[in-house]
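Student: Sharing data.csv below, CSV, C-alpha atoms:
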```
chain,number,residue,atom,x,y,z
C,603,MET,CA,-15.0,4.1,11.0
C,604,ASP,CA,-11.9,6.0,9.8
C,605,TYR,CA,-8.6,4.2,10.0
C,606,PRO,CA,-5.1,5.7,9.9
C,607,ILE,CA,-4.3,4.2,6.4
C,608,LYS,CA,-1.1,6.0,5.4
C,609,GLY,CA,-0.5,4.8,1.9
C,610,PHE,CA,-2.5,3.4,-1.0
C,611,ILE,CA,-1.5,1.7,-4.2
C,612,GLU,CA,-4.4,1.2,-6.5
C,613,THR,CA,-3.1,-1.8,-8.4
C,614,SER,CA,-0.2,-4.0,-7.8
C,615,PHE,CA,0.8,-7.1,-9.8
C,616,SER,CA,3.6,-8.2,-7.5
C,617,ASP,CA,2.2,-8.4,-4.0
C,618,TRP,CA,0.1,-11.5,-4.2
C,619,PRO,CA,1.2,-14.3,-6.6
C,620,GLY,CA,-1.3,-14.5,-9.5
C,621,LYS,CA,-3.5,-11.7,-8.3
C,622,VAL,CA,-4.1,-8.0,-9.0
C,623,VAL,CA,-4.4,-6.2,-5.7
C,624,ALA,CA,-4.7,-2.8,-4.1
C,625,VAL,CA,-2.1,-2.2,-1.3
C,626,LEU,CA,-2.9,-0.4,2.0
C,627,PHE,CA,0.0,0.8,4.1
C,628,LEU,CA,-0.7,0.8,7.9
C,629,PRO,CA,1.4,2.8,10.3
C,630,SER,CA,4.0,1.8,13.0
C,631,CYS,CA,6.2,-1.2,13.6
C,632,ASN,CA,7.8,-3.0,16.5
C,633,PHE,CA,10.9,-3.7,14.5
C,634,ARG,CA,13.6,-1.3,13.4
C,635,CYS,CA,15.2,-3.2,10.5
C,636,PRO,CA,18.1,-1.1,9.2
C,637,TYR,CA,17.2,-1.9,5.6
C,638,CYS,CA,13.5,-0.9,6.0
C,639,HIS,CA,12.6,1.3,3.0
C,640,ASN,CA,9.2,2.4,4.5
C,641,HIS,CA,10.8,3.9,7.6
C,642,GLY,CA,8.6,7.0,7.4
C,643,LEU,CA,5.7,4.7,8.3
C,644,VAL,CA,7.6,3.3,11.2
C,645,LEU,CA,9.2,6.4,12.7
C,646,LEU,CA,6.9,9.3,11.9
C,647,PRO,CA,3.5,7.9,10.8
C,648,GLU,CA,1.7,11.0,12.1
C,649,LYS,CA,3.5,13.0,9.4
C,650,TYR,CA,1.4,11.3,6.7
C,651,PRO,CA,-2.2,12.1,6.1
C,652,ASN,CA,-4.8,9.4,6.3
C,653,PHE,CA,-6.4,7.9,3.2
C,654,PRO,CA,-10.1,7.8,4.0
C,655,LEU,CA,-11.5,4.3,3.6
C,656,GLN,CA,-14.5,5.6,1.7
C,657,GLU,CA,-12.2,7.2,-0.9
C,658,ILE,CA,-10.3,3.9,-1.2
C,659,LEU,CA,-13.4,1.9,-1.6
C,660,GLY,CA,-14.6,4.4,-4.3
C,661,SER,CA,-11.4,3.9,-6.2
C,662,LEU,CA,-11.7,0.1,-5.9
C,663,ARG,CA,-15.3,0.2,-7.2
C,664,GLU,CA,-13.9,2.0,-10.3
C,665,ARG,CA,-11.8,-1.1,-10.9
C,666,ASN,CA,-14.7,-3.4,-10.2
C,667,GLY,CA,-13.8,-6.9,-11.5
C,668,TRP,CA,-10.1,-6.0,-12.1
C,669,VAL,CA,-8.9,-6.0,-8.5
C,670,ASP,CA,-8.9,-9.4,-6.8
C,671,GLY,CA,-8.1,-8.3,-3.3
C,672,VAL,CA,-6.3,-6.0,-0.9
C,673,CYS,CA,-2.9,-6.4,0.6
C,674,LEU,CA,-2.5,-5.0,4.1
C,675,THR,CA,1.1,-4.1,4.7
C,676,GLY,CA,3.0,-1.6,6.8
C,677,GLY,CA,4.6,-1.1,9.1
C,678,GLU,CA,3.3,-4.1,11.0
C,679,PRO,CA,-0.5,-4.4,10.6
C,680,THR,CA,-1.1,-6.8,13.5
C,681,LEU,CA,-0.2,-4.1,16.0
C,682,HIS,CA,-3.5,-2.4,15.5
C,683,PRO,CA,-6.6,-3.5,17.5
C,684,TRP,CA,-8.8,-2.2,14.7
C,685,LEU,CA,-7.3,-4.5,12.1
C,686,PRO,CA,-10.2,-7.1,12.2
C,687,SER,CA,-12.7,-4.2,11.9
C,688,LEU,CA,-10.8,-2.8,8.8
C,689,ILE,CA,-10.8,-6.3,7.2
C,690,GLN,CA,-14.5,-6.7,7.9
C,691,ASP,CA,-15.2,-3.3,6.3
C,692,LEU,CA,-13.2,-4.3,3.2
C,693,ARG,CA,-14.9,-7.7,3.1
C,694,SER,CA,-18.4,-6.3,3.4
C,695,ALA,CA,-17.9,-3.4,0.9
C,696,GLU,CA,-20.5,-3.7,-1.9
C,697,GLY,CA,-20.0,-3.4,-5.6
C,698,MET,CA,-16.5,-4.8,-5.6
C,699,ASP,CA,-16.9,-8.0,-7.6
C,700,PRO,CA,-19.4,-8.7,-10.4
C,701,SER,CA,-19.8,-12.3,-9.2
C,702,GLY,CA,-21.0,-11.0,-5.9
C,703,GLY,CA,-18.0,-12.2,-4.0
C,704,SER,CA,-15.9,-10.2,-1.6
C,705,LEU,CA,-12.3,-8.9,-1.8
C,706,GLY,CA,-9.6,-11.3,-1.0
C,707,ILE,CA,-7.4,-10.2,1.9
C,708,LYS,CA,-3.6,-10.7,2.1
C,709,LEU,CA,-1.7,-9.8,5.2
C,710,ASP,CA,2.0,-9.0,5.4
C,711,THR,CA,3.4,-9.6,8.9
C,712,ASN,CA,6.6,-10.0,10.8
C,713,GLY,CA,5.0,-12.7,12.9
C,714,THR,CA,5.5,-11.1,16.3
C,715,ARG,CA,1.7,-11.3,17.1
C,716,PRO,CA,0.8,-15.0,16.6
C,717,GLU,CA,-2.4,-14.6,18.6
C,718,VAL,CA,-3.6,-12.0,16.1
C,719,LEU,CA,-2.8,-14.3,13.2
C,720,GLN,CA,-4.7,-17.1,14.9
C,721,GLU,CA,-7.7,-14.9,15.6
C,722,LEU,CA,-7.9,-13.6,12.1
C,723,ILE,CA,-7.5,-17.1,10.6
C,724,GLU,CA,-10.2,-18.5,12.9
C,725,ALA,CA,-12.5,-15.7,12.0
C,726,ASP,CA,-12.0,-16.4,8.4
C,727,LEU,CA,-10.8,-12.9,7.7
C,728,LEU,CA,-7.7,-13.8,5.7
C,729,ASP,CA,-7.0,-15.5,2.4
C,730,TYR,CA,-3.2,-15.2,2.3
C,731,ILE,CA,-0.4,-14.4,4.7
C,732,ALA,CA,3.2,-13.4,3.8
C,733,MET,CA,5.4,-13.6,6.8
C,734,ASP,CA,8.9,-12.2,6.9
C,735,LEU,CA,11.7,-14.3,8.3
C,736,LYS,CA,14.2,-11.6,9.0
C,737,GLY,CA,17.1,-13.9,9.7
C,738,PRO,CA,18.4,-17.1,11.4
C,739,LEU,CA,16.1,-18.2,14.3
C,740,GLN,CA,18.6,-17.3,17.0
C,741,VAL,CA,17.8,-14.5,19.5
C,742,HIS,CA,21.1,-12.5,19.0
C,743,ARG,CA,20.9,-12.8,15.2
C,744,TYR,CA,17.2,-11.9,14.9
C,745,ALA,CA,17.8,-8.9,17.3
C,746,ALA,CA,20.7,-7.7,15.2
C,747,ILE,CA,18.8,-7.8,12.0
C,748,THR,CA,15.5,-6.3,13.3
C,749,GLY,CA,17.3,-3.6,15.4
C,750,ILE,CA,15.4,-4.3,18.6
C,751,PRO,CA,16.4,-6.1,21.9
C,752,LEU,CA,14.5,-9.2,21.0
C,753,GLU,CA,14.3,-11.7,24.0
C,754,ALA,CA,13.8,-15.4,23.9
C,755,ASP,CA,10.1,-14.8,24.3
C,756,GLY,CA,10.1,-12.6,21.2
C,757,LEU,CA,11.7,-15.3,19.2
C,758,ALA,CA,9.3,-17.9,20.5
C,759,ARG,CA,6.4,-15.8,19.3
C,760,ILE,CA,7.8,-15.7,15.9
C,761,GLN,CA,8.3,-19.4,15.9
C,762,ARG,CA,4.7,-19.8,17.0
C,763,SER,CA,3.6,-17.7,14.0
C,764,ILE,CA,5.7,-19.9,11.7
C,765,GLN,CA,4.0,-23.0,13.1
C,766,ILE,CA,0.6,-21.4,12.6
C,767,LEU,CA,1.3,-20.9,8.9
C,768,LEU,CA,2.8,-24.4,8.5
C,769,GLU,CA,-0.4,-25.8,9.7
C,770,GLY,CA,-1.7,-24.7,6.3
C,771,LYS,CA,-5.2,-23.6,7.2
C,772,ILE,CA,-4.9,-20.8,4.7
C,773,ASP,CA,-2.4,-20.1,1.9
C,774,TYR,CA,0.8,-18.4,2.8
C,775,GLU,CA,4.5,-17.7,2.0
C,776,PHE,CA,7.6,-17.0,4.0
C,777,ARG,CA,9.9,-14.2,2.8
C,778,THR,CA,13.4,-13.2,3.6
C,779,THR,CA,15.2,-10.0,2.3
C,780,LEU,CA,18.8,-10.7,1.5
C,781,VAL,CA,20.9,-7.8,2.7
C,782,PRO,CA,24.6,-8.6,1.9
C,783,THR,CA,26.0,-7.2,5.1
C,784,LEU,CA,23.4,-8.7,7.4
C,785,ILE,CA,22.7,-12.3,6.4
C,786,GLU,CA,24.8,-15.0,4.9
C,787,GLU,CA,23.7,-17.2,2.0
C,788,GLU,CA,24.2,-20.4,4.1
C,789,GLU,CA,21.9,-18.9,6.8
C,790,VAL,CA,19.1,-18.7,4.3
C,791,TYR,CA,19.5,-22.4,3.5
C,792,THR,CA,19.4,-23.2,7.3
C,793,LEU,CA,16.1,-21.2,7.5
C,794,ALA,CA,14.8,-23.1,4.5
C,795,ARG,CA,15.6,-26.4,6.2
C,796,GLN,CA,13.8,-25.2,9.3
C,797,ILE,CA,10.6,-24.6,7.4
C,798,ARG,CA,10.9,-27.6,5.1
C,799,GLY,CA,7.6,-28.7,3.7
C,800,SER,CA,6.3,-25.1,3.6
C,801,ARG,CA,4.4,-24.0,0.5
C,802,ARG,CA,6.5,-21.1,-0.6
C,803,TYR,CA,9.7,-19.4,0.6
C,804,THR,CA,10.4,-16.2,-1.4
C,805,ILE,CA,13.9,-14.7,-1.3
C,806,GLN,CA,13.8,-10.9,-1.9
C,807,ASN,CA,16.7,-8.8,-3.0
C,808,PHE,CA,17.7,-5.9,-0.8
C,809,ASN,CA,16.8,-2.4,-2.2
C,810,PRO,CA,19.3,0.2,-1.0
C,811,ARG,CA,17.2,3.1,-2.1
C,812,ASN,CA,15.8,4.9,1.0
C,813,ALA,CA,17.1,2.3,3.5
C,814,MET,CA,16.6,3.5,7.1
C,815,ASP,CA,20.3,3.1,7.9
C,816,GLY,CA,22.1,5.5,5.6
C,817,GLU,CA,25.2,3.3,5.6
C,818,LEU,CA,23.1,0.6,3.8
C,819,GLN,CA,22.3,3.0,1.0
C,820,ARG,CA,25.8,2.5,-0.2
C,821,VAL,CA,25.6,-1.3,-0.1
C,822,ALA,CA,25.2,-3.0,-3.4
C,823,PRO,CA,22.4,-5.6,-3.6
C,824,PHE,CA,23.0,-9.1,-4.7
C,825,ASP,CA,23.4,-9.8,-8.4
C,826,ASP,CA,20.2,-11.1,-10.1
C,827,ARG,CA,21.9,-14.4,-11.1
C,828,VAL,CA,23.0,-15.0,-7.5
C,829,MET,CA,19.4,-14.3,-6.4
C,830,ARG,CA,18.0,-16.8,-8.9
C,831,ARG,CA,20.5,-19.5,-7.8
C,832,ILE,CA,19.7,-19.0,-4.1
C,833,GLN,CA,15.9,-19.1,-4.8
C,834,GLU,CA,16.3,-22.3,-6.8
C,835,ARG,CA,18.3,-23.9,-4.0
C,836,VAL,CA,15.7,-22.8,-1.4
C,837,ASN,CA,12.9,-24.2,-3.5
C,838,GLU,CA,14.7,-27.6,-3.6
C,839,ILE,CA,15.2,-27.6,0.2
C,840,ILE,CA,11.6,-26.8,1.1
C,841,LYS,CA,10.3,-29.5,-1.3
C,842,GLU,CA,12.3,-32.2,0.4
C,843,GLU,CA,10.2,-34.9,1.9
C,844,VAL,CA,9.1,-34.4,5.5
C,845,SER,CA,6.9,-36.6,7.6
C,846,SER,CA,5.0,-33.7,9.1
C,847,CYS,CA,5.2,-30.0,8.3
C,848,GLN,CA,6.6,-28.5,11.5
C,849,LEU,CA,9.2,-25.9,12.4
C,850,GLN,CA,12.5,-27.7,12.7
C,851,VAL,CA,14.0,-25.7,15.6
C,852,SER,CA,17.0,-28.0,16.2
C,853,SER,CA,18.5,-27.5,12.7
M,811,MET,CA,-12.8,22.0,-17.6
M,812,THR,CA,-13.1,25.6,-18.6
M,813,LEU,CA,-13.9,28.5,-16.3
M,814,PHE,CA,-15.4,31.5,-18.0
M,815,THR,CA,-14.7,34.8,-16.2
M,816,LYS,CA,-14.3,38.5,-16.9
M,817,GLU,CA,-12.3,41.3,-15.6
M,818,GLY,CA,-13.6,43.0,-12.5
M,819,CYS,CA,-15.9,40.1,-11.6
M,820,GLU,CA,-15.7,39.6,-7.8
M,821,LYS,CA,-17.3,36.2,-7.9
M,822,CYS,CA,-14.7,35.1,-10.5
M,823,GLU,CA,-11.9,36.4,-8.2
M,824,TYR,CA,-13.5,34.5,-5.3
M,825,VAL,CA,-13.1,31.2,-7.1
M,826,LYS,CA,-9.6,32.0,-8.3
M,827,LYS,CA,-8.6,32.9,-4.7
M,828,TYR,CA,-9.8,29.6,-3.2
M,829,VAL,CA,-8.9,27.1,-5.8
M,830,ASP,CA,-5.6,26.4,-7.6
M,831,LEU,CA,-7.2,26.3,-11.1
M,832,LYS,CA,-3.9,25.6,-12.9
M,833,LYS,CA,-3.2,22.6,-10.7
M,834,LEU,CA,-6.6,21.1,-11.4
M,835,GLY,CA,-6.2,21.6,-15.1
M,836,VAL,CA,-9.0,24.2,-15.4
M,837,MET,CA,-8.5,26.5,-18.4
M,838,VAL,CA,-9.6,30.1,-17.7
M,839,GLU,CA,-11.2,32.1,-20.4
M,840,VAL,CA,-11.4,35.8,-19.7
M,841,LEU,CA,-14.4,37.1,-21.7
M,842,SER,CA,-13.8,40.5,-23.3
M,843,PRO,CA,-14.6,42.3,-26.6
M,844,ASP,CA,-10.8,42.3,-27.2
M,845,ASN,CA,-10.8,38.5,-26.9
M,846,PRO,CA,-13.0,37.2,-29.8
M,847,ALA,CA,-11.7,33.6,-29.3
M,848,SER,CA,-13.1,33.5,-25.8
M,849,LEU,CA,-16.5,34.8,-27.0
M,850,ALA,CA,-16.5,32.1,-29.8
M,851,HIS,CA,-15.7,29.5,-27.2
M,852,LEU,CA,-18.6,30.7,-25.1
M,853,ALA,CA,-20.9,30.7,-28.0
M,854,TRP,CA,-19.8,27.2,-29.0
M,855,HIS,CA,-21.0,26.0,-25.5
M,856,GLU,CA,-24.3,28.0,-26.1
M,857,LEU,CA,-23.7,30.0,-23.0
M,858,VAL,CA,-23.8,33.6,-24.3
M,859,SER,CA,-27.1,34.4,-22.7
M,860,VAL,CA,-26.2,32.7,-19.4
M,861,ALA,CA,-22.9,34.7,-19.2
M,862,GLU,CA,-24.9,37.9,-19.6
M,863,THR,CA,-26.4,37.3,-16.1
M,864,GLN,CA,-24.1,34.8,-14.4
M,865,LEU,CA,-20.4,34.6,-14.1
M,866,PRO,CA,-18.3,32.7,-13.5
M,867,ILE,CA,-19.4,29.6,-15.4
M,868,LEU,CA,-17.6,26.3,-15.1
M,869,VAL,CA,-17.9,23.9,-18.1
M,870,LEU,CA,-17.1,20.3,-17.0
M,871,ASP,CA,-15.5,17.7,-19.2
M,872,ASP,CA,-18.9,16.2,-20.1
M,873,ASN,CA,-20.0,19.7,-21.3
M,874,SER,CA,-22.4,20.2,-18.4
M,875,THR,CA,-22.2,23.5,-16.6
M,876,LEU,CA,-22.0,24.8,-13.1
M,877,THR,CA,-22.8,28.4,-12.1
M,878,GLY,CA,-22.6,30.2,-8.8
M,879,ALA,CA,-19.2,31.0,-7.2
M,880,ILE,CA,-19.7,29.0,-4.1
M,881,ARG,CA,-21.0,25.9,-5.9
M,882,ILE,CA,-18.0,26.1,-8.3
M,883,LYS,CA,-15.6,26.5,-5.5
M,884,ASN,CA,-17.1,23.6,-3.5
M,885,TYR,CA,-17.1,21.4,-6.6
M,886,LEU,CA,-13.4,22.1,-7.5
M,887,THR,CA,-12.3,21.9,-3.8
M,888,ALA,CA,-13.9,18.4,-3.7
M,889,ILE,CA,-12.0,17.3,-6.8
M,890,ARG,CA,-8.8,18.7,-5.4
M,891,ASP,CA,-9.3,16.9,-2.1
M,892,ARG,CA,-10.1,13.6,-3.8
M,893,ARG,CA,-7.0,13.9,-6.0
M,894,SER,CA,-4.8,14.7,-3.1
M,895,VAL,CA,-6.1,11.6,-1.3
M,896,VAL,CA,-6.6,8.8,-3.9
M,897,GLY,CA,-4.6,10.1,-6.8
M,898,SER,CA,-1.6,11.3,-5.0
M,899,GLN,CA,1.8,9.7,-5.3
M,900,ASN,CA,2.0,6.9,-2.8
M,901,GLU,CA,5.1,7.4,-0.7
M,902,PHE,CA,5.7,3.9,0.3
M,903,GLU,CA,6.8,0.7,-1.5
M,904,SER,CA,5.3,-2.7,-1.1
```
So that I can check it, write out the structure of this file as structure tokens.
Tutor:
Amino acid sequence: MDYPIKGFIETSFSDWPGKVVAVLFLPSCNFRCPYCHNHGLVLLPEKYPNFPLQEILGSLRERNGWVDGVCLTGGEPTLHPWLPSLIQDLRSAEGMDPSGGSLGIKLDTNGTRPEVLQELIEADLLDYIAMDLKGPLQVHRYAAITGIPLEADGLARIQRSIQILLEGKIDYEFRTTLVPTLIEEEEVYTLARQIRGSRRYTIQNFNPRNAMDGELQRVAPFDDRVMRRIQERVNEIIKEEVSSCQLQVSS
Amino acid sequence: MTLFTKEGCEKCEYVKKYVDLKKLGVMVEVLSPDNPASLAHLAWHELVSVAETQLPILVLDDNSTLTGAIRIKNYLTAIRDRRSVVGSQNEFES
């Protein structure tokens, strides 16, 4: 089966902690984050040619033994009903690992489709999930940052996805992109408290280059030292003792 | 890769028309009595007798050869398509 894979990076060292992976970019997204730097995938996916899966698998075979897995990103991969089929095709591809194992699969998601995450985890189709926490878990703040009219139900779905990850059936991380004009430092610490006990919470700096909202292209990202300080504080918060690892919605 | 051709060769023109040889990094040698370097290059590949009856000739990077305009065109087109898919600059950032 051919899938509308719109971008392909042969090897990445930064997408999955400790692993070398190929990255596949899948089209379309249900968010319109103003700082999105892949907005071509979101707004005009049909403009980009498809990368045939067989060509991608051929390229991966050439790197047999070097590539540990594949990162599926977007866009929002969970929007596509063919996502499980694509993962199964990647998993079952032969000649990828000298030890006879299959490729690891990492999924990047915004968490709006918890039922898809649950299904993929239960089917043992994922090895790692990176879920974006776009901002404070409040309807009006999340809507402002993601650029869509998110309702209470939408936020509840994201909270369900957070809880699925916190259950820890597979490895995961949460991520937040710090955009100076969109999110306050203190809000990040509140988020960290809400997911206290989680395995990893990565704070990413905003990249103004090619931001969807042209105004943001003129906004300076945070200083590296500030980013390090925030990351250290976040690490301290999520490591604080908790009786059970659950989303703290009352914080 | 090297494509051996000569002036007035319709099959050579056919390949050149359908494939962007420069973009694929294919060096074109135009065989002619006025171009002794091209003849020497042809001889080095031991293709003089082949060239007497068949042009164009494509010499691949592993020194194997392809003859026949359609075969050469199909081969180079396949390489071009593969490069445009897998080797192309990815437009997105992870």
Student: What is the distance between atom CA of Tyr637 of chain C and atom CA of Ile772 of chain C, in Å to one decimal?
Tutor: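 Separation of atom CA of Tyr637 of chain C and atom CA of Ile772 of chain C: 29.1 Å.
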Student: Would you tabulate, counting all atoms listed in the file, all residues of chain C that have an atom at most 12 Å from an atom of chain M, showing the closest pair of atoms and their distance in Å to one decimal, sorted by chain then ascending number, as CSV?
Tutor:
```
residue,atom,partner,partner_atom,distance
C:Ile607,CA,M:Val895,CA,10.8
C:Lys608,CA,M:Phe902,CA,8.8
C:Gly609,CA,M:Asn900,CA,5.7
C:Phe610,CA,M:Asn900,CA,6.0
C:Ile611,CA,M:Asn900,CA,6.4
C:Glu612,CA,M:Val896,CA,8.3
C:Thr613,CA,M:Ser904,CA,11.2
C:Ser614,CA,M:Ser904,CA,8.8
C:Phe615,CA,M:Ser904,CA,10.7
C:Ser616,CA,M:Ser904,CA,8.6
C:Asp617,CA,M:Ser904,CA,7.1
C:Trp618,CA,M:Ser904,CA,10.7
C:Val623,CA,M:Ser904,CA,11.3
C:Ala624,CA,M:Ser904,CA,10.4
C:Val625,CA,M:Ser904,CA,7.4
C:Leu626,CA,M:Ser904,CA,9.1
C:Phe627,CA,M:Phe902,CA,7.5
C:Leu628,CA,M:Phe902,CA,10.4
C:Pro629,CA,M:Phe902,CA,10.9
C:Cys638,CA,M:Glu903,CA,10.2
C:His639,CA,M:Glu903,CA,7.4
C:Asn640,CA,M:Phe902,CA,5.7
C:His641,CA,M:Phe902,CA,8.9
C:Gly642,CA,M:Phe902,CA,8.3
C:Leu643,CA,M:Phe902,CA,8.0
C:Val644,CA,M:Phe902,CA,11.1
C:Pro647,CA,M:Phe902,CA,11.4
C:Lys649,CA,M:Glu901,CA,11.7
C:Tyr650,CA,M:Glu901,CA,9.1
C:Pro651,CA,M:Val895,CA,8.4
C:Asn652,CA,M:Val895,CA,8.0
C:Phe653,CA,M:Val895,CA,5.8
C:Pro654,CA,M:Val895,CA,7.7
C:Leu655,CA,M:Val896,CA,10.0
C:Gln656,CA,M:Val896,CA,10.2
C:Glu657,CA,M:Val896,CA,6.6
C:Ile658,CA,M:Val896,CA,6.7
C:Leu659,CA,M:Val896,CA,10.0
C:Gly660,CA,M:Val896,CA,9.1
C:Ser661,CA,M:Val896,CA,7.2
C:Leu662,CA,M:Val896,CA,10.3
C:Glu664,CA,M:Val896,CA,11.9
C:Cys673,CA,M:Ser904,CA,9.2
C:Leu674,CA,M:Ser904,CA,9.7
C:Thr675,CA,M:Ser904,CA,7.3
C:Gly676,CA,M:Ser904,CA,8.3
C:Gly677,CA,M:Phe902,CA,10.2
C:Leu709,CA,M:Ser904,CA,11.8
C:Asp710,CA,M:Ser904,CA,9.6
C:Ala732,CA,M:Ser904,CA,12.0
C:Gln806,CA,M:Ser904,CA,11.8
C:Asn809,CA,M:Glu903,CA,10.5
C:Arg811,CA,M:Glu903,CA,10.7
C:Asn812,CA,M:Phe902,CA,10.2
C:Ala813,CA,M:Glu903,CA,11.6
```
Student: Which of these residues is nearest to Val860 of chain M, using all atoms listed in the file: M:Glu820, M:Phe814, M:Glu839, M:Asp844?
Tutor: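 Looking at the shortest contact to Val860 of chain M, the residue is M:Phe814.
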Student: Can you tell me how far atom CA of Lys883 of chain M sits from atom CA of Met837 of chain M, in Å to one decimal?
Tutor: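 Going from atom CA of Lys883 of chain M over to atom CA of Met837 of chain M, I get 14.7 Å.
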Student: Any idea what's packed within 12 Å of Ser848 of chain M, counting only C-alpha atoms, ignoring anything in its chain fewer than 6 positions away? Could you give it as an MDAnalysis selection string?
Tutor: chainID M and resid 812:816 837:842 854:855 857:858 861
Student: Under the rule that only C-alpha atoms are counted, which of M:Asn873, M:Ala853, M:Ile889, M:Thr863 is the nearest residue to Val829 of chain M?
Tutor: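 That would be M:Ile889, the residue with the smallest distance to Val829 of chain M.
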Student: Need the shell around Pro866 of chain M: protein/DNA/RNA residues with any atom at most 7 Å away, counting only C-alpha atoms. Skip same-chain ones fewer than 2 positions apart. Format as a ChimeraX atom specification?
Tutor: /M:813-815,821-822,864,868,877-879
Student: Kindly give the distance, in Å, that separates atom CA of Pro846 of chain M and atom CA of Asp871 of chain M, rounded to a single decimal.
Tutor: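 That distance, rounded to one decimal, is 22.3 Å.
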Student: Between C:Ala794, C:Ile689, C:Val622, C:Leu739, which is the closest to Ala754 of chain C once you count only C-alpha atoms?
Tutor: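 The answer is C:Leu739, which sits nearest to Ala754 of chain C.
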Student: Looking at C:Gln740, C:Gln720, C:Thr804, C:Gln796, which one is nearest to Glu775 of chain C, with distances taken over all atoms listed in the file?
Tutor: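 Distance minimum relative to Glu775 of chain C lands on C:Thr804.
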Student: Residues within 12 Å of Val851 of chain C, please, as a list in words. Count all atoms listed in the file; anything in the same chain fewer than 6 positions from it doesn't count.
Tutor: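 Listed by chain and then number, they are Pro738, Leu739, Gln740, Leu757, Ala758, Ile760, Gln761, Arg762, Ile764, Gln765, Thr792, Leu793, Ala794, Arg795, Gln796, Ile797 and Arg798 of chain C.
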